[in-house]
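These notes concern the structure reproduced below.
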Amino acid sequence: MIQEKKIEIAQWLLDPDRGNTETLPYLSFNILEERLKHEGLWRVFSEVEVPLHPILEDMHKAGIKLQREKLEEMHKELFSKENILGSAIKKECSHLAPRVNINSPRQLGEILFSEPPRGLGITHENTSKTKSGGFSTDNETLTKVKDAHPIIPLILEYREVFKLRSTYLESFKSLMDETGRIHTTFIQDGAATGRLSSRNPNMQNIPSGIRSLFVPEKGYFFLSLDYSQIELRILASVTGDARMIDAFMHNKDIHVITAARVFHKDINAITKEERNFAKILNFGIIYGMGKDALSRLINVSRDEAEKMIRDYFNDFAHIKRWQEKLLDKAMQMGYVENELGRKRWLPGIVSQNKRVQNEARRAAVNMPIQGLGADILKLAMIRVAEILKAKKVWMKTVLPILTIHDELLFEVHNDILKEISGIIKGEMESIYELKVPLKVDVSSADNWGAL
DNA sequence: GGCTCCGCTACTCG
DNA sequence: TCACGAGTAGCGGAGCC
């Protein structure tokens, strides 16, 4: 691994948000090494990031194959659909603005929500929602008024089609090599929590509807292994909350358990909707969600949302205490850290500006969870690569293809699929010890969409 | 007049 | 103001030559 890369990673570990320090680029590696050791970051550097780097290079080299004909076909189809929808939309508002650009949210907002004669005067609750004072035209807003005018569903469908064509299919076409594979770049020193990201193209946000375009070579299968509910398991483990730990130890449905707690009902009486609310609440806790966000998301009053959060913390008392302790320390020390010592500095935590401070507080409670999830996956990648290299199959009959936050994707030769999937699953589940078991779900298929 | 840069809006994923 | 973490496309304003 080249020295320059090590320096970049060291700098990122010392300032993962890229903004707290100014002139690190001129520091020698020796000085960076001292700083890493001084900050307790040497372990993450030497045992995680350094050994991970060649694996990401191998993934880049391997790439992932697209079905060229199917890609062309889908592109053609979407392009024609896009044109038809575009014409229909323009027809609906041609009397107002014959030269409207549908891709301009500002123009679109004017046309939909201004009073006649300038616009269609569609009624809506929240006027001028955007930062710059314009009408918001996002999916949530338009869905609320989708029956008010025939133009609305057309716009929603146009947006969907346009996104698929322009952001995904178009870039696949231009990035595909002669063999039909595209080679994303995994960014090791980008995300502030320790996660990886991906670009050119971003393979970590491919819509499920077009994943079937990606296929293994003949004689191979895709093998996917994903950690089941890893962030909630980490939440249970690092907070030491006995009830949540118990739920995972006995393989119970964590969202049903939560629903029973906050709705004061028996586990067997929980409805689908209540389970879904609890699911949103569980994730919301990881993200530091407040009553406003919760009430908007599950469509209850702010008072009801506040009560649900209060009940949640009453029942999972360790979680509340863990958050308070963490925030105290963050304010004293200026940073938070995960179990491996990975750090994130959050100067906003002591800001006089309430909004800035609250942003930092949410990031603070999230980082030790999201960041440990990232490290567990990274450790697993390192271990799996080691074993598969020893078996002489790495980059031969087993290709590492993608890593998507809680999931690994491989392209594996038919003959060894079963053996390899057992090995990788075992390593992923035993790579890190939490107070609850790590659970990995395995699936394989002859295209990415079928996993 | 044409070019690049950047913030904003919107949408995709875990 | 609106829940954490990312990347990308297009629009449109600002500033430069």
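Labels for the structure tokens follow display order: chains A, B, ..., residues from 1 in each chain, ligands from 1.
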When you get a sec, could you note down which chain B residues fall within 7 Å of chain A, using only C-alpha atoms (C1' of nucleotides), as a PyMOL selection string? chain B and resi 9-10+12-14
Since we have the selection now, will you write its residues out, keeping C-alpha atoms (C1' of nucleotides), as an mmCIF file, in the first residue's frame?
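New file out-v6.cif:
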data_model
loop_
_atom_site.group_PDB
_atom_site.id
_atom_site.type_symbol
_atom_site.label_atom_id
_atom_site.label_comp_id
_atom_site.auth_asym_id
_atom_site.auth_seq_id
_atom_site.Cartn_x
_atom_site.Cartn_y
_atom_site.Cartn_z
ATOM 1 C "C1'" DT B 9 -33.898 20.680 -4.774
ATOM 2 C "C1'" DA B 10 -34.932 16.205 -5.609
ATOM 3 C "C1'" DT B 12 -31.749 6.654 -4.750
ATOM 4 C "C1'" DC B 13 -29.770 3.320 -1.097
ATOM 5 C "C1'" DG B 14 -28.527 1.158 3.986
#
Excluding same-chain residues fewer than 2 positions from DC6 in chain B, what lies within 10 Å of it counting only C-alpha atoms (C1' of nucleotides), as a list in words?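 Once the nearby chain positions are removed, what remains is DT4 and DC8 of chain B; DG13 and DA14 of chain C.
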For each of A:Phe135, A:Phe263, A:Phe186, A:Trp322, take the minimum atom-to-atom distance to chain C, counting only C-alpha atoms (C1' of nucleotides), then give the residue where this is smallest.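 The closest residue to chain C is A:Phe186.
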For CA of Val384 in chain A and CA of Asn366 in chain A, quote the distance in Å rounded to one decimal.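 Rounded to one decimal, the two atoms are 27.2 Å apart.
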Quick one: which residues from chain A are at most 9 Å off chain C, using only C-alpha atoms (C1' of nucleotides), as an MDAnalysis selection string? chainID A and resid 103:106 163 166:167 190:193 195:202 204:205 283:290 292:294 296 355 362:363 366:367 370
Once you have the residues from the selection above, write them out as a PDB file, in the first residue's frame, restricted to C-alpha atoms.
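Written file, part_27.pdb:
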ATOM      1  CA  ASN A 103     -37.054  19.414 -14.434  1.00  0.00           C
ATOM      2  CA  SER A 104     -37.038  22.774 -12.712  1.00  0.00           C
ATOM      3  CA  PRO A 105     -38.668  22.448  -9.296  1.00  0.00           C
ATOM      4  CA  ARG A 106     -39.021  26.218  -9.148  1.00  0.00           C
ATOM      5  CA  LYS A 163     -34.306   9.372 -12.323  1.00  0.00           C
ATOM      6  CA  SER A 166     -30.551   9.833 -16.244  1.00  0.00           C
ATOM      7  CA  THR A 167     -28.867   8.842 -13.007  1.00  0.00           C
ATOM      8  CA  GLY A 190     -15.121   9.701   2.966  1.00  0.00           C
ATOM      9  CA  ALA A 191     -17.866   9.035   5.488  1.00  0.00           C
ATOM     10  CA  ALA A 192     -17.563  10.589   8.935  1.00  0.00           C
ATOM     11  CA  THR A 193     -18.907   7.559  10.841  1.00  0.00           C
ATOM     12  CA  ARG A 195     -18.690   3.766   6.645  1.00  0.00           C
ATOM     13  CA  LEU A 196     -17.534   3.228   3.086  1.00  0.00           C
ATOM     14  CA  SER A 197     -19.067   5.061   0.174  1.00  0.00           C
ATOM     15  CA  SER A 198     -19.013   4.375  -3.556  1.00  0.00           C
ATOM     16  CA  ARG A 199     -18.811   6.494  -6.701  1.00  0.00           C
ATOM     17  CA  ASN A 200     -18.578   6.340 -10.494  1.00  0.00           C
ATOM     18  CA  PRO A 201     -21.154   4.952 -10.190  1.00  0.00           C
ATOM     19  CA  ASN A 202     -22.477   4.815  -6.654  1.00  0.00           C
ATOM     20  CA  GLN A 204     -24.685   1.506  -2.885  1.00  0.00           C
ATOM     21  CA  ASN A 205     -27.905   3.208  -3.976  1.00  0.00           C
ATOM     22  CA  PHE A 283     -34.789   3.359  13.893  1.00  0.00           C
ATOM     23  CA  GLY A 284     -35.694   6.853  14.985  1.00  0.00           C
ATOM     24  CA  ILE A 285     -34.017   6.258  18.337  1.00  0.00           C
ATOM     25  CA  ILE A 286     -30.783   5.314  16.576  1.00  0.00           C
ATOM     26  CA  TYR A 287     -31.018   8.566  14.615  1.00  0.00           C
ATOM     27  CA  GLY A 288     -31.917  10.761  17.598  1.00  0.00           C
ATOM     28  CA  MET A 289     -35.390  11.540  16.294  1.00  0.00           C
ATOM     29  CA  GLY A 290     -37.601  14.048  18.120  1.00  0.00           C
ATOM     30  CA  ASP A 292     -41.865  16.480  15.444  1.00  0.00           C
ATOM     31  CA  ALA A 293     -40.247  14.037  13.081  1.00  0.00           C
ATOM     32  CA  LEU A 294     -41.999  11.049  14.621  1.00  0.00           C
ATOM     33  CA  ARG A 296     -44.910  13.510  10.813  1.00  0.00           C
ATOM     34  CA  ARG A 355     -30.191  24.001  15.763  1.00  0.00           C
ATOM     35  CA  ARG A 362     -28.155  13.491  16.857  1.00  0.00           C
ATOM     36  CA  ALA A 363     -24.911  12.722  15.067  1.00  0.00           C
ATOM     37  CA  ASN A 366     -25.769   7.735  15.980  1.00  0.00           C
ATOM     38  CA  MET A 367     -22.019   7.471  15.388  1.00  0.00           C
ATOM     39  CA  GLN A 370     -23.456   3.198  12.732  1.00  0.00           C
TER      40      GLN A 370
END
If you run DSSP on the backbone here, which positions in range 264-375 of chain A get helix (DSSP H, G or I)? Please write them as a ChimeraX atom specification. /A:267-269,272-287,291-298,302-315,317-333,347-350,354-375
Could you jot down the CA of Met249 in chain A to CA of Asn282 in chain A separation for me, Å, one decimal place?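 Distance between the two atoms: 17.5 Å.
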Using DSSP on the backbone coordinates, identify all residues within range 127-297 of chain A classified as strand (DSSP E); present the result as a PyMOL selection string. chain A and resi 181-182+185-187+197-199+214-215+220-227
With N, CA and C atoms retained, could you export that selection as an mmCIF file, in the first residue's frame?
data_model
loop_
_atom_site.group_PDB
_atom_site.id
_atom_site.type_symbol
_atom_site.label_atom_id
_atom_site.label_comp_id
_atom_site.auth_asym_id
_atom_site.auth_seq_id
_atom_site.Cartn_x
_atom_site.Cartn_y
_atom_site.Cartn_z
ATOM 1 N N ARG A 181 -18.498 -5.011 -17.846
ATOM 2 C CA ARG A 181 -18.463 -4.794 -16.390
ATOM 3 C C ARG A 181 -18.244 -3.322 -16.069
ATOM 4 N N ILE A 182 -18.788 -2.896 -14.923
ATOM 5 C CA ILE A 182 -18.471 -1.558 -14.426
ATOM 6 C C ILE A 182 -17.714 -1.693 -13.114
ATOM 7 N N THR A 185 -15.682 2.792 -7.612
ATOM 8 C CA THR A 185 -14.590 3.101 -6.690
ATOM 9 C C THR A 185 -15.164 3.187 -5.283
ATOM 10 N N PHE A 186 -14.628 2.378 -4.379
ATOM 11 C CA PHE A 186 -15.054 2.489 -2.991
ATOM 12 C C PHE A 186 -14.184 3.525 -2.298
ATOM 13 N N ILE A 187 -14.838 4.483 -1.675
ATOM 14 C CA ILE A 187 -14.119 5.562 -1.009
ATOM 15 C C ILE A 187 -13.937 5.181 0.450
ATOM 16 N N SER A 197 -18.116 4.587 1.170
ATOM 17 C CA SER A 197 -19.067 5.061 0.174
ATOM 18 C C SER A 197 -18.557 4.621 -1.188
ATOM 19 N N SER A 198 -19.311 4.911 -2.226
ATOM 20 C CA SER A 198 -19.013 4.375 -3.556
ATOM 21 C C SER A 198 -19.351 5.420 -4.605
ATOM 22 N N ARG A 199 -18.489 5.531 -5.633
ATOM 23 C CA ARG A 199 -18.811 6.494 -6.701
ATOM 24 C C ARG A 199 -18.331 6.030 -8.063
ATOM 25 N N PHE A 214 -27.885 -6.630 -13.382
ATOM 26 C CA PHE A 214 -26.551 -7.100 -12.995
ATOM 27 C C PHE A 214 -26.551 -8.616 -12.861
ATOM 28 N N VAL A 215 -25.574 -9.242 -13.507
ATOM 29 C CA VAL A 215 -25.539 -10.708 -13.543
ATOM 30 C C VAL A 215 -24.116 -11.231 -13.344
ATOM 31 N N TYR A 220 -21.291 -19.033 -12.852
ATOM 32 C CA TYR A 220 -21.153 -18.402 -11.539
ATOM 33 C C TYR A 220 -22.522 -18.005 -10.981
ATOM 34 N N PHE A 221 -22.547 -17.759 -9.668
ATOM 35 C CA PHE A 221 -23.737 -17.233 -9.008
ATOM 36 C C PHE A 221 -23.370 -16.007 -8.189
ATOM 37 N N PHE A 222 -24.342 -15.153 -7.953
ATOM 38 C CA PHE A 222 -24.161 -14.110 -6.951
ATOM 39 C C PHE A 222 -24.462 -14.721 -5.590
ATOM 40 N N LEU A 223 -23.613 -14.369 -4.635
ATOM 41 C CA LEU A 223 -23.823 -14.809 -3.259
ATOM 42 C C LEU A 223 -23.902 -13.568 -2.387
ATOM 43 N N SER A 224 -25.045 -13.390 -1.714
ATOM 44 C CA SER A 224 -25.231 -12.219 -0.865
ATOM 45 C C SER A 224 -25.332 -12.648 0.590
ATOM 46 N N LEU A 225 -24.614 -11.934 1.449
ATOM 47 C CA LEU A 225 -24.696 -12.209 2.898
ATOM 48 C C LEU A 225 -24.918 -10.888 3.608
ATOM 49 N N ASP A 226 -26.042 -10.770 4.298
ATOM 50 C CA ASP A 226 -26.275 -9.499 4.986
ATOM 51 C C ASP A 226 -26.569 -9.706 6.463
ATOM 52 N N TYR A 227 -26.017 -8.795 7.262
ATOM 53 C CA TYR A 227 -26.238 -8.820 8.698
ATOM 54 C C TYR A 227 -27.678 -8.434 8.988
#
Give me the residues near Pro16 in chain A as a PyMOL selection string, where near means some atom within 9 Å (using only C-alpha atoms (C1' of nucleotides)) and where sequence neighbours in that chain fewer than 3 positions away do not count. chain A and resi 11-13+19-20+189-194+343-345
When you draw a straight line from CA of Val300 in chain A to CA of Thr141 in chain A, how long is it in Å?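 Answer for the CA of Val300 in chain A to CA of Thr141 in chain A separation: 17.6 Å.
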Non-local contacts of Arg383 in chain A (12 Å; only C-alpha atoms (C1' of nucleotides); under 2 positions in same chain excluded) as a ChimeraX atom specification: /A:47-48,51-52,55,376-381,385-390,423-432
